[in-house]
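Colleague: entry-v7.txt is reproduced in full below (compact mmCIF, C-alpha atoms and all ligand atoms).
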# COMPACT_ATOMS: atom_id res chain seq x y z
CA MET A 199 63.99 -31.89 30.16
CA ILE A 200 61.81 -34.85 31.12
CA ARG A 201 58.21 -35.09 30.01
CA SER A 202 55.78 -37.90 30.54
CA SER A 203 52.71 -39.17 28.79
CA VAL A 204 50.27 -41.91 29.57
CA TYR A 205 49.21 -44.62 27.13
CA ARG A 206 46.78 -47.46 27.21
CA LEU A 207 48.60 -50.75 27.10
CA HIS A 208 46.81 -53.51 25.21
CA PRO A 209 48.08 -56.93 26.28
CA GLY A 210 45.75 -58.52 23.72
CA THR A 211 46.01 -62.03 25.07
CA LEU A 212 45.26 -63.48 28.48
CA ARG A 213 48.75 -64.95 28.66
CA ARG A 214 50.34 -61.53 28.26
CA ALA A 215 48.01 -59.90 30.79
CA GLN A 216 48.84 -62.66 33.25
CA LYS A 217 52.53 -62.16 32.67
CA LEU A 218 52.18 -58.43 33.40
CA ALA A 219 50.32 -59.26 36.61
CA GLN A 220 53.05 -61.74 37.54
CA ILE A 221 55.77 -59.11 37.17
CA ALA A 222 53.72 -56.76 39.35
CA GLY A 223 53.17 -59.57 41.85
CA ALA A 224 56.90 -60.28 41.93
CA ASN A 225 57.50 -56.60 42.65
CA ARG A 226 55.25 -56.88 45.70
CA TYR A 227 56.88 -60.13 46.72
CA VAL A 228 60.37 -58.62 46.54
CA TRP A 229 59.24 -55.48 48.37
CA ASN A 230 57.77 -57.56 51.20
CA TRP A 231 60.84 -59.80 51.19
CA ALA A 232 63.02 -56.69 51.66
CA ILE A 233 60.89 -55.61 54.63
CA GLY A 234 61.38 -59.01 56.27
CA GLN A 235 65.07 -58.97 55.41
CA ASN A 236 65.50 -55.57 57.01
CA ARG A 237 63.47 -56.49 60.09
CA ASP A 238 65.55 -59.62 60.72
CA ALA A 239 68.82 -57.79 60.22
CA MET A 240 67.70 -54.98 62.56
CA LYS A 241 66.73 -57.52 65.21
CA ALA A 242 70.09 -59.27 64.95
CA TYR A 243 71.89 -55.93 65.10
CA LYS A 244 70.02 -54.93 68.26
CA GLU A 245 70.98 -58.25 69.85
CA GLY A 246 74.59 -57.48 69.08
CA LYS A 247 74.82 -59.98 66.25
CA GLY A 248 75.90 -58.45 62.99
CA GLU A 249 76.10 -55.06 61.35
CA LYS A 250 73.38 -52.47 61.13
CA PRO A 251 71.57 -53.16 57.82
CA LEU A 252 72.38 -50.64 55.11
CA ALA A 253 69.18 -51.24 53.17
CA THR A 254 70.57 -49.54 50.08
CA PHE A 255 69.68 -50.51 46.53
CA PHE A 256 73.19 -51.88 46.15
CA SER A 257 73.23 -54.01 49.32
CA LEU A 258 69.72 -55.30 48.70
CA GLY A 259 70.54 -55.95 45.05
CA LEU A 260 73.34 -58.34 46.06
CA GLU A 261 70.93 -60.22 48.32
CA PHE A 262 68.35 -60.29 45.57
CA THR A 263 70.72 -61.99 43.15
CA LYS A 264 71.19 -64.74 45.73
CA LEU A 265 67.45 -65.00 46.34
CA ARG A 266 66.74 -65.30 42.64
CA SER A 267 69.10 -68.23 42.19
CA SER A 268 68.00 -69.96 45.38
CA GLU A 269 65.82 -73.05 45.46
CA GLY A 270 62.09 -72.41 45.46
CA HIS A 271 62.51 -69.18 43.52
CA GLU A 272 62.63 -70.64 40.05
CA TRP A 273 59.50 -68.65 39.24
CA LEU A 274 61.47 -65.42 39.76
CA ARG A 275 63.88 -66.50 37.04
CA GLU A 276 60.96 -66.66 34.60
CA LEU A 277 60.42 -62.95 35.12
CA PRO A 278 62.57 -60.04 33.90
CA TYR A 279 65.51 -59.31 36.18
CA ALA A 280 65.75 -55.50 36.09
CA GLU A 281 61.99 -54.95 36.29
CA VAL A 282 61.61 -57.08 39.41
CA ARG A 283 64.82 -55.93 41.07
CA TYR A 284 63.64 -52.34 40.67
CA ALA A 285 61.17 -52.88 43.53
CA LEU A 286 64.27 -52.71 45.72
CA LYS A 287 65.20 -49.31 44.34
CA ARG A 288 61.79 -48.03 45.37
CA TYR A 289 62.14 -49.75 48.73
CA ALA A 290 65.61 -48.32 49.34
CA ASP A 291 64.35 -44.84 48.41
CA ALA A 292 61.44 -45.24 50.82
CA ILE A 293 63.82 -46.26 53.60
CA LYS A 294 66.02 -43.25 52.86
CA GLU A 295 63.02 -40.92 53.11
CA ALA A 296 61.85 -42.61 56.31
CA ARG A 297 65.27 -42.26 57.92
CA LYS A 298 65.17 -38.54 57.16
CA GLY A 299 61.83 -38.47 58.93
CA LYS A 300 60.02 -37.38 55.79
CA ARG A 301 57.56 -40.25 55.93
CA GLY A 302 56.83 -43.54 57.67
CA PHE A 303 58.75 -46.76 57.11
CA PRO A 304 57.62 -48.88 54.15
CA LYS A 305 54.64 -51.13 54.76
CA ARG A 306 53.75 -54.52 53.37
CA LYS A 307 52.02 -54.50 50.01
CA TYR A 308 48.97 -56.57 49.26
CA ARG A 309 47.30 -57.58 46.03
CA GLU A 310 44.57 -55.03 46.85
CA ASP A 311 47.16 -52.27 46.68
CA GLY A 312 47.17 -52.77 42.93
CA ASP A 313 49.49 -53.99 40.21
CA SER A 314 52.38 -51.88 39.03
CA PHE A 315 56.01 -52.11 38.05
CA ALA A 316 58.65 -50.03 36.32
CA ILE A 317 60.77 -50.63 33.27
CA PRO A 318 63.77 -48.79 34.68
CA GLN A 319 66.02 -48.71 31.62
CA ASP A 320 66.36 -49.61 27.94
CA VAL A 321 62.77 -48.64 27.25
CA ARG A 322 61.99 -49.56 23.66
CA ILE A 323 58.99 -48.13 21.83
CA ARG A 324 58.57 -48.80 18.13
CA GLY A 325 55.66 -48.68 15.76
CA GLY A 326 53.12 -48.04 18.49
CA ARG A 327 54.36 -50.87 20.66
CA LEU A 328 56.23 -51.05 23.95
CA CYS A 329 58.70 -53.81 24.60
CA VAL A 330 58.06 -55.36 28.02
CA PRO A 331 60.87 -57.81 28.79
CA LYS A 332 59.72 -61.45 28.93
CA VAL A 333 56.27 -60.35 27.73
CA GLY A 334 57.06 -59.03 24.28
CA TRP A 335 55.98 -56.10 22.12
CA VAL A 336 52.71 -54.83 23.56
CA PRO A 337 50.61 -52.34 21.55
CA ILE A 338 50.11 -48.93 23.15
CA SER A 339 47.69 -46.15 22.25
CA ARG A 340 46.97 -42.62 23.34
CA ARG A 341 44.04 -40.37 22.54
CA GLY A 342 45.08 -37.07 21.05
CA GLY A 343 48.37 -38.34 19.65
CA ASP A 344 51.83 -38.72 21.05
CA PRO A 345 53.35 -35.35 21.94
CA TRP A 346 56.85 -36.43 23.01
CA ALA A 347 57.53 -39.32 20.66
CA TYR A 348 60.44 -37.40 19.11
CA GLY A 349 62.26 -37.66 22.44
CA GLU A 350 64.07 -40.60 23.94
CA ALA A 351 62.10 -42.94 26.20
CA LYS A 352 63.98 -43.24 29.48
CA GLN A 353 61.68 -45.05 31.84
CA ALA A 354 58.20 -46.50 31.87
CA VAL A 355 55.81 -47.39 34.65
CA VAL A 356 53.21 -50.04 33.95
CA VAL A 357 50.02 -49.88 36.04
CA LYS A 358 46.76 -51.76 36.17
CA ARG A 359 44.17 -49.18 37.08
CA PRO A 360 41.06 -49.79 39.15
CA ASN A 361 39.10 -49.93 35.89
CA GLY A 362 40.90 -53.19 35.17
CA LYS A 363 42.83 -51.82 32.21
CA TRP A 364 46.57 -51.57 31.81
CA TYR A 365 48.33 -48.25 31.27
CA THR A 366 51.89 -47.09 30.95
CA SER A 367 53.44 -43.74 31.83
CA VAL A 368 56.48 -43.17 29.69
CA PHE A 369 59.13 -40.65 30.71
CA TRP A 370 60.76 -38.98 27.73
CA GLU A 371 64.00 -37.07 27.60
CA ILE A 372 63.24 -34.08 25.40
CA PRO A 373 66.02 -31.99 23.85
CA ASP A 374 65.85 -28.50 25.33
CA VAL A 375 64.67 -25.90 22.88
CA GLU A 376 64.94 -22.42 24.28
CA PRO A 377 61.93 -20.38 23.22
CA GLU A 378 62.96 -17.09 21.67
CA ASP A 379 61.73 -13.65 22.60
CA ASN A 380 59.84 -12.16 19.67
CA GLY A 381 59.21 -8.98 21.64
CA LYS A 382 55.46 -9.43 21.64
CA VAL A 383 53.52 -9.19 24.89
CA ILE A 384 50.08 -10.19 26.10
CA GLY A 385 48.13 -9.77 29.34
CA LEU A 386 45.84 -12.47 30.71
CA ASP A 387 43.08 -12.24 33.26
CA MET A 388 42.04 -15.58 34.67
CA GLY A 389 38.35 -15.67 35.50
CA LYS A 390 36.44 -18.56 36.93
CA TRP A 391 35.90 -20.42 33.70
CA ASN A 392 37.60 -18.25 31.12
CA VAL A 393 40.75 -16.39 30.23
CA ALA A 394 40.41 -12.82 29.00
CA THR A 395 43.25 -11.46 26.88
CA THR A 396 44.47 -8.14 25.62
CA GLU A 397 43.64 -9.43 22.13
CA HIS A 398 40.04 -8.60 23.15
CA LYS A 399 39.27 -12.28 23.37
CA GLN A 400 37.55 -14.38 25.99
CA ILE A 401 38.60 -17.99 25.86
CA PHE A 402 36.26 -20.34 27.70
CA MET A 403 37.20 -23.61 29.28
CA PRO A 404 35.32 -26.50 27.67
CA GLU A 405 32.04 -27.34 29.37
CA ALA A 406 31.87 -30.64 31.15
CA SER A 407 28.74 -30.02 33.20
CA GLU A 408 26.95 -33.11 31.97
CA LEU A 409 29.92 -35.29 32.81
CA GLU A 410 30.28 -33.54 36.17
CA ALA A 411 26.64 -34.13 37.04
CA LYS A 412 27.10 -37.76 36.12
CA LEU A 413 30.25 -37.88 38.25
CA ARG A 414 28.46 -36.47 41.30
CA ARG A 415 25.64 -38.95 40.85
CA HIS A 416 28.04 -41.88 40.84
CA GLN A 417 30.05 -40.48 43.75
CA ARG A 418 26.89 -40.38 45.84
CA LYS A 419 26.00 -43.87 44.74
CA MET A 420 29.48 -45.11 45.61
CA ASN A 421 29.25 -43.58 49.10
CA ARG A 422 26.07 -45.54 49.72
CA ARG A 423 27.80 -48.82 48.88
CA ARG A 424 29.62 -50.58 51.66
CA GLN A 425 33.13 -51.75 52.31
CA VAL A 426 33.51 -55.36 53.42
CA PRO A 427 36.19 -57.15 55.44
CA LEU A 428 38.86 -58.92 53.43
CA LEU A 429 38.73 -62.64 54.14
CA ASP A 430 41.41 -65.31 54.28
CA ALA A 431 41.10 -68.59 52.39
CA ASP A 432 39.51 -70.09 55.51
CA GLY A 433 36.99 -67.27 55.83
CA ALA A 434 38.57 -65.34 58.72
CA PRO A 435 38.91 -61.55 58.32
CA ARG A 436 42.41 -60.46 57.50
CA ARG A 437 44.00 -57.98 59.89
CA THR A 438 46.86 -55.53 59.80
CA ARG A 439 49.76 -56.03 62.15
CA GLN A 440 48.06 -53.54 64.47
CA GLY A 441 45.05 -55.85 64.56
CA ASP A 442 42.66 -53.73 62.48
CA VAL A 443 40.38 -55.53 60.08
CA ILE A 444 41.41 -54.88 56.48
CA LYS A 445 38.42 -53.66 54.50
CA VAL A 446 37.94 -53.66 50.76
CA ASN A 447 35.21 -52.35 48.50
CA SER A 448 32.21 -54.54 47.99
CA ARG A 449 31.63 -55.66 44.42
CA ARG A 450 28.96 -53.02 43.89
CA ARG A 451 31.07 -50.29 45.47
CA GLU A 452 34.05 -51.26 43.36
CA LYS A 453 31.91 -50.97 40.24
CA GLU A 454 30.92 -47.41 41.19
CA ARG A 455 34.48 -46.52 42.05
CA ARG A 456 35.63 -47.54 38.60
CA ILE A 457 32.98 -45.38 36.99
CA VAL A 458 33.96 -42.44 39.22
CA ALA A 459 37.63 -42.90 38.35
CA LYS A 460 36.86 -43.05 34.64
CA LEU A 461 34.64 -39.97 34.66
CA SER A 462 37.13 -37.92 36.70
CA ARG A 463 39.84 -38.83 34.26
CA ARG A 464 37.74 -37.92 31.26
CA ILE A 465 36.90 -34.50 32.71
CA ALA A 466 40.53 -33.88 33.65
CA ASN A 467 41.67 -34.90 30.16
CA ILE A 468 39.25 -32.56 28.42
CA ARG A 469 40.48 -29.62 30.50
CA ASP A 470 44.12 -30.55 30.24
CA ASN A 471 44.01 -30.83 26.46
CA TRP A 472 42.46 -27.39 26.37
CA ARG A 473 45.21 -25.97 28.60
CA HIS A 474 47.87 -27.58 26.42
CA GLN A 475 46.43 -26.06 23.25
CA LEU A 476 45.93 -22.62 24.78
CA SER A 477 49.39 -22.46 26.36
CA HIS A 478 51.02 -23.70 23.16
CA ASP A 479 49.24 -21.10 21.06
CA LEU A 480 50.09 -18.23 23.44
CA ALA A 481 53.70 -19.29 23.94
CA GLU A 482 54.23 -19.50 20.21
CA ARG A 483 52.86 -16.04 19.45
CA PHE A 484 54.07 -14.04 22.47
CA GLY A 485 57.49 -13.57 23.98
CA THR A 486 56.26 -12.35 27.36
CA ILE A 487 53.00 -13.33 28.98
CA TYR A 488 51.75 -11.27 31.91
CA LEU A 489 49.27 -12.72 34.32
CA GLU A 490 48.01 -12.12 37.82
CA GLY A 491 50.01 -13.49 40.72
CA LEU A 492 47.07 -15.10 42.42
CA ASN A 493 48.18 -17.04 45.43
CA ILE A 494 46.03 -20.03 44.71
CA LYS A 495 47.58 -22.26 47.38
CA GLY A 496 47.35 -19.58 50.05
CA MET A 497 43.72 -19.00 49.24
CA MET A 498 42.86 -22.65 49.59
CA LYS A 499 44.59 -22.78 52.96
CA SER A 500 43.10 -19.62 54.44
CA ALA A 501 39.59 -20.69 53.57
CA LYS A 502 40.00 -24.10 55.15
CA GLY A 503 41.25 -22.70 58.47
CA THR A 504 41.74 -24.97 61.46
CA VAL A 505 39.42 -26.65 63.91
CA GLU A 506 40.04 -23.99 66.55
CA GLN A 507 40.03 -21.17 64.06
CA PRO A 508 37.79 -21.92 61.16
CA GLY A 509 38.61 -19.83 58.14
CA LYS A 510 36.46 -16.83 57.45
CA HIS A 511 33.76 -17.19 54.82
CA VAL A 512 34.44 -20.92 54.74
CA LYS A 513 31.17 -21.61 53.08
CA ALA A 514 31.33 -18.86 50.53
CA LYS A 515 34.94 -19.56 49.73
CA SER A 516 34.82 -23.32 49.55
CA GLY A 517 32.67 -23.01 46.45
CA LEU A 518 35.16 -20.68 44.87
CA ASN A 519 38.06 -22.87 45.93
CA ARG A 520 36.48 -25.85 44.34
CA GLU A 521 36.13 -23.95 41.17
CA ILE A 522 39.67 -22.61 41.27
CA ALA A 523 40.95 -26.11 41.87
CA ALA A 524 38.75 -27.42 39.09
CA SER A 525 39.79 -24.79 36.65
CA GLY A 526 43.44 -25.50 37.33
CA TRP A 527 44.95 -22.09 36.57
CA GLY A 528 48.06 -23.15 38.40
CA ARG A 529 48.51 -25.88 35.87
CA LEU A 530 47.93 -23.56 32.93
CA ARG A 531 50.51 -21.22 34.35
CA TRP A 532 52.99 -24.06 34.78
CA MET A 533 52.49 -25.01 31.13
CA LEU A 534 53.01 -21.42 30.02
CA GLU A 535 56.17 -21.22 32.10
CA TYR A 536 57.82 -24.12 30.39
CA LYS A 537 56.58 -23.29 26.90
CA ALA A 538 56.97 -19.51 26.72
CA TYR A 539 60.05 -17.30 26.63
CA GLN A 540 58.96 -15.65 29.85
CA VAL A 541 55.98 -15.41 32.14
CA GLU A 542 55.63 -12.56 34.60
CA ALA A 543 53.21 -12.34 37.47
CA VAL A 544 51.87 -8.99 38.63
CA ASN A 545 50.08 -8.05 41.81
CA PRO A 546 46.42 -8.35 40.85
CA ALA A 547 45.17 -5.78 43.38
CA TYR A 548 42.56 -3.45 41.88
CA THR A 549 42.92 -4.81 38.36
CA SER A 550 39.15 -5.37 38.42
CA GLN A 551 38.23 -1.89 39.61
CA ARG A 552 40.76 0.15 37.67
CA CYS A 553 39.84 1.67 34.35
CA HIS A 554 42.65 0.80 31.97
CA CYS A 555 42.06 3.95 29.94
CA CYS A 556 42.22 6.65 32.59
CA GLY A 557 43.43 4.76 35.66
CA HIS A 558 40.46 5.68 37.81
CA VAL A 559 39.79 3.10 40.56
CA ALA A 560 36.28 2.61 41.91
CA ASP A 561 34.10 -0.30 42.95
CA ALA A 562 31.28 1.28 40.99
CA ASN A 563 33.28 0.81 37.78
CA ARG A 564 32.57 -2.87 37.66
CA LYS A 565 29.09 -4.27 37.17
CA LYS A 566 29.46 -8.02 36.85
CA GLU A 567 30.71 -8.67 33.32
CA ARG A 568 30.47 -5.06 32.26
CA PHE A 569 32.99 -2.39 33.01
CA LYS A 570 31.83 1.21 32.90
CA CYS A 571 34.25 3.84 34.07
CA VAL A 572 32.50 6.43 36.23
CA SER A 573 35.28 8.91 35.47
CA CYS A 574 36.03 8.77 31.72
CA GLY A 575 33.04 6.77 30.51
CA TYR A 576 35.00 3.88 28.98
CA VAL A 577 32.74 0.86 28.50
CA GLY A 578 33.93 -2.66 27.90
CA ASN A 579 34.14 -6.23 29.12
CA ALA A 580 35.29 -6.29 32.75
CA ASP A 581 37.67 -9.24 32.32
CA ILE A 582 39.28 -7.78 29.22
CA ASN A 583 39.71 -4.46 31.04
CA ALA A 584 41.45 -6.40 33.83
CA ALA A 585 43.72 -8.10 31.28
CA PHE A 586 44.79 -4.67 30.00
CA ASN A 587 45.54 -3.57 33.57
CA ILE A 588 47.66 -6.66 34.10
CA LEU A 589 49.58 -6.01 30.89
CA ALA A 590 50.10 -2.35 31.85
CA LEU A 591 51.33 -3.29 35.34
CA GLY A 592 53.70 -5.81 33.84
CA THR A 593 55.21 -3.60 31.21
CA GLY A 594 55.32 -0.63 33.58
CA ALA A 595 53.11 1.30 31.20
CA ALA A 596 50.68 2.10 33.96
CA GLY A 597 51.52 5.70 34.81
CA GLN A 598 49.60 5.37 38.00
CA GLY A 599 50.98 1.95 38.84
CA GLY A 600 53.79 2.94 41.22
CA ALA A 601 52.48 0.84 44.05
CA PHE A 602 52.01 -2.21 41.87
CA ALA A 603 55.46 -3.36 40.99
CA SER A 604 55.73 -6.33 38.70
CA VAL A 605 57.30 -9.41 40.14
CA ARG A 606 59.27 -11.90 38.11
CA ALA A 607 57.87 -15.39 38.41
CA GLY A 608 60.76 -17.59 39.42
CA PRO A 609 61.35 -21.10 38.13
CA SER A 610 59.76 -22.44 41.30
CA GLY A 611 56.62 -20.67 40.23
CA GLY A 612 56.90 -18.18 43.06
CA VAL A 613 53.54 -16.58 43.47
CA LEU A 614 52.73 -13.29 45.11
CA SER A 615 50.97 -13.62 48.39
CA SER A 616 47.38 -12.58 48.11
CA ASP A 617 46.72 -9.07 49.24
CA PRO A 618 44.00 -8.82 51.90
CA ASN A 619 42.85 -5.68 50.13
CA ASP A 620 42.51 -7.51 46.89
CA LEU A 621 38.98 -6.60 46.02
CA SER A 622 38.93 -8.67 42.87
CA MET A 623 38.49 -11.79 45.00
CA ASP A 624 35.55 -10.31 46.84
CA MET A 625 34.10 -9.20 43.57
CA GLN A 626 34.26 -12.70 42.23
CA LEU A 627 32.72 -13.98 45.42
CA SER A 628 29.85 -11.61 45.56
CA HIS A 629 29.08 -12.08 41.92
CA GLY A 630 29.57 -15.81 42.08
ZN ZN A 701 38.30 5.62 32.87
What does the file become when written as structure tokens?
Modeller:
Amino acid sequence: MIRSSVYRLHPGTLRRAQKLAQIAGANRYVWNWAIGQNRDAMKAYKEGKGEKPLATFFSLGLEFTKLRSSEGHEWLRELPYAEVRYALKRYADAIKEARKGKRGFPKRKYREDGDSFAIPQDVRIRGGRLCVPKVGWVPISRRGGDPWAYGEAKQAVVVKRPNGKWYTSVFWEIPDVEPEDNGKVIGLDMGKWNVATTEHKQIFMPEASELEAKLRRHQRKMNRRRQVPLLDADGAPRRTRQGDVIKVNSRRREKERRIVAKLSRRIANIRDNWRHQLSHDLAERFGTIYLEGLNIKGMMKSAKGTVEQPGKHVKAKSGLNREIAASGWGRLRWMLEYKAYQVEAVNPAYTSQRCHCCGHVADANRKKERFKCVSCGYVGNADINAAFNILALGTGAAGQGGAFASVRAGPSGGVLSSDPNDLSMDMQLSHG
């Protein structure tokens, strides 16, 4: 099992930061060199001179070795071999994808595209430091600790983010530990901002409204700032091969963009930490976790619609979609799936209107947060009532649940398609 975590990388000295930038620059150089190499070989091949270029990592790697020892490329020899050569692996992979028609052919990379490179093998991390070949042991840090440090570091990607700071994503090989079934079960109902459980608990996602307001303010500010043409050394605007002027952010726009990036990351981190803690706690205490098979992707799509056929309730739904996307239940579910013994999704139809005590289904049962059964008189929290319905559907304990078969969530995270009769969605909408 491979897990990744992101760390700040602290070069500490200007010399080290420059060296990191040089390795990234060499990656771009080699990538662009490979594009030229491939173009020339293709041209020759079409003119009947020479073989069709293979453009594999192996064939390019042989060429690279020659390039590195050629005159005028002494500077390449100052930089780590594997880390620079790896640009060709990424290039060869991109070519492979392009030949399958999965995406376009690789394009030239510019400095504006950002600095990054990979440490493809022999990743060494010791005492809070990462060994970057030809740079040395560079301190790394991560807020909230280091969850996978007991694993084996396999690969690392070093990136300079738009905020000007260096980061590294480390990919860890984690020994597989099969979670055991302790026979305990729990049902979860995912609301907009909270999870209701059959432990009679409502667990709320941490508030980030102040940060979000700040984020929106800076996003608006950024949109007001302009993009400017990228100029050559002699002051002429640089153009793409198609002749379009290449534009970059103005200094003031770039400043806003960095703030926006930082705030978005902070908000995402707060929520993700919360999801990690919640999923860890649930997976540890319960063997089987039942939740609703909300088709989150399908919902996003149907609301967007197309130009010819705009989705119904676009306006009403886009708000909800934003919130669903923001709340990231799909991600929580993914975490539960890899941490827990098993996760089962049930069809969520009527879980909001059904009384979990007597099984009576009626719209009138639910009044916003309160559930009051018009048949048996049960009174309780509406979300917790829904959680009990989900648990009952999952375990098959719902005597009246014949039509609501439970569906095993596959490893691909197969989600039930949303039922057009699913009133719970409309309920959320109308009460949103
Ligand atoms: Zn009832």
Colleague: Once you count all atoms listed in the file, which residues end up within 12 Å of ligand ZN 701 (chain A), and could you hand them over as a ChimeraX atom specification?
Modeller: /A:551-560,562-564,569-578,583,587
Colleague: Rounded to one decimal in Å, what is the spacing between atom CA of A:Lys399 and atom CA of A:Ala585?
Modeller: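 Result for atom CA of A:Lys399 versus atom CA of A:Ala585: 10.0 Å, one decimal.
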Colleague: Looking at all atoms listed in the file, which of A:Lys332, A:Ala296, A:Ser314, A:Ala406 is the one that sits closest to A:Ala466?
Modeller: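 Smallest separation from A:Ala466 among the options: A:Ala406.
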Colleague: Between A:Arg451, A:Val458, A:Met388, A:Lys382, which is the closest to A:Tyr539 once you count only C-alpha atoms?
Modeller: A:Lys382
Colleague: Env of stretch 279-289 of chain A: 6 Å cut, atoms = all atoms listed in the file, seq-sep filter 6 positions within chain, self excluded. Answer as a PyMOL selection string.
Modeller: chain A and resi 225+229+255+316-317
Colleague: How far is it from atom CA of A:Ile487 to atom CA of A:Gln475, in Å with one decimal?
Modeller: 15.4 Å
Colleague: Could you tell me which of A:Ala347, A:Val446, A:Leu534, A:Leu461 comes closest to A:Asp479 if we count all atoms listed in the file?
Modeller: A:Leu534
Colleague: Rounded to one decimal in Å, what is the spacing between atom CA of A:Leu207 and atom CA of A:Arg359?
Modeller: 11.0 Å
Colleague: Find, counting all atoms listed in the file, the residue in A:Glu269, A:Ala253, A:Arg469, A:Ala411 that gets nearest to A:Arg297.
Modeller: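 The shortest atom-to-atom distance to A:Arg297 comes from A:Ala253.
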Colleague: For each of A:Pro404, A:Gly234, A:Pro278, A:Pro209, take the minimum atom-to-atom distance to A:Trp335, counting only C-alpha atoms, then give the residue where this is smallest.
Modeller: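 Among the listed residues, the smallest separation from A:Trp335 belongs to A:Pro209.
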Colleague: Could you list, as a list in words, every residue within 10 Å of A:Asp581, counting only C-alpha atoms and ignoring same-chain residues fewer than 4 positions away?
Modeller: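 Final neighbour list, sorted by chain and number: Leu386, Asp387, Met388, Gly389, Asn392, Val393, Ala394, Thr395, Thr396, His398, Lys399, Gln400, Thr549, Ser550, Arg564, Lys566, Glu567, Arg568, Phe569, Ala585, Phe586 and Asn587 of chain A.
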Colleague: With all atoms listed in the file as the atoms that count, which of A:Arg237, A:Asn421, A:Ile323, A:Lys565 lies nearest to A:Ala580?
Modeller: A:Lys565
Colleague: Pick out the residues sitting within 12 Å of stretch 265-268 of chain A, and hand them over as a ChimeraX atom specification; count all atoms listed in the file, and ignore anything fewer than 5 positions along from it in its own chain.
Modeller: /A:224,227-228,231-232,235,258-260,273-280,282-283
